[in-house]
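Enquirer: Dropping a structure here in structure tokens format, bear with me for questions.
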Amino acid sequence: VLKGNIGVDSMIFPENTPGFVLDVFARKALWEIGKDYGHGTGHGVGAALNVHEGPHSISPRWGNKEVLKAGMVTSNEPGFYDDGNFGIRIENLLEIVEVSSSSSSDEEAATNGDGVEPASKKQKVAAPEGKKFLKFGKLTLIPIQKNLIKVEIMTNDELDWLDSYHQEVLQKVKPLLEEGTPAMEWLVKSCEPIKRD
């Protein structure tokens with residue numbers, strides 16, 4: 001499930017891409033072991049405060065051909081459920097943002113506009129004249145529970161993403177907490193780099 005969350009979160013895709021195209025990146029790791037989940041991976045959030053808001057979605061339902069556009073907010077929530085035993089879902093909210101072009105400054109390319117380097121660094125993309133590429137910027141920032149992760153099935157890139165994500169969480173959330181509080185201690189411990197084999 002974490003592999004799927006990272007797969008969507010780290011995507012760079014051309015403008016005018018409908019959400020169903022990205023859904024496979026959320027399901028790939030589960031499909032490889034003969035598993036799946038019965039819900040969409042992502043949906044819009046915020047315009048009318050509905051639970052599953054359009055106009056776009058990230059799901060296997062090909063009927064929604066609404067393209068993903070800069071400024072849209074979407075959820076990223078792959079999951080897996082073993083009926084009667086357990087279920088897991090990792091859910092974050094993301095904003096669709098433009099990827100900087102190869103002519104952008106290094107400082108702009110390294111941040112989400114707030115001076116803090118994002119978990120998956122903004123990459124420069126050389127694109128055909130006029131072609132724009134999009135990616136996701138993080139809106140919700142909470143540590144991912146590391147003791148549930150099977151490190152041996154994660155790639156180095158995925159583990160690097162996780163450590164970078166936790167650095168971003170720590171940088172942005174730590175200033176909002178009081179030093180010496182249980183909340184601060186929990187945050188710092190939860191954002192430590194993952195132990196690798």
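Ordering of the structure tokens sets the chain letters (A, B, ...), residue numbers begin anew at 1 in every chain, and ligands are numbered from 1 in the order given.
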I'd like the neighbourhood of stretch 2-7 of chain A as number ranges by chain, where a residue qualifies if any of its atoms comes within 10 Å (using only C-alpha atoms), though same-chain residues fewer than 4 positions away should be ignored.
Expert: A: 11, 22-30, 41, 76-79, 88-92, 120, 144, 148-150, 153-155, 157-159, 161-162, 165
Enquirer: Mind the document's chain letters and residue numbers, and return as a PyMOL selection string the residues of stretch 3-187 of chain A that DSSP labels helix (DSSP H, G or I).
Expert: chain A and resi 3-9+19-31+106-109+146-148+151-153+156-176+182-187
Enquirer: Just the residues within 7 Å of A:Gly137, please, counting only C-alpha atoms, with nothing from its chain fewer than 4 positions along; format it as JSON, numbers by chain.
Expert: {"A": [94, 95, 96, 97]}
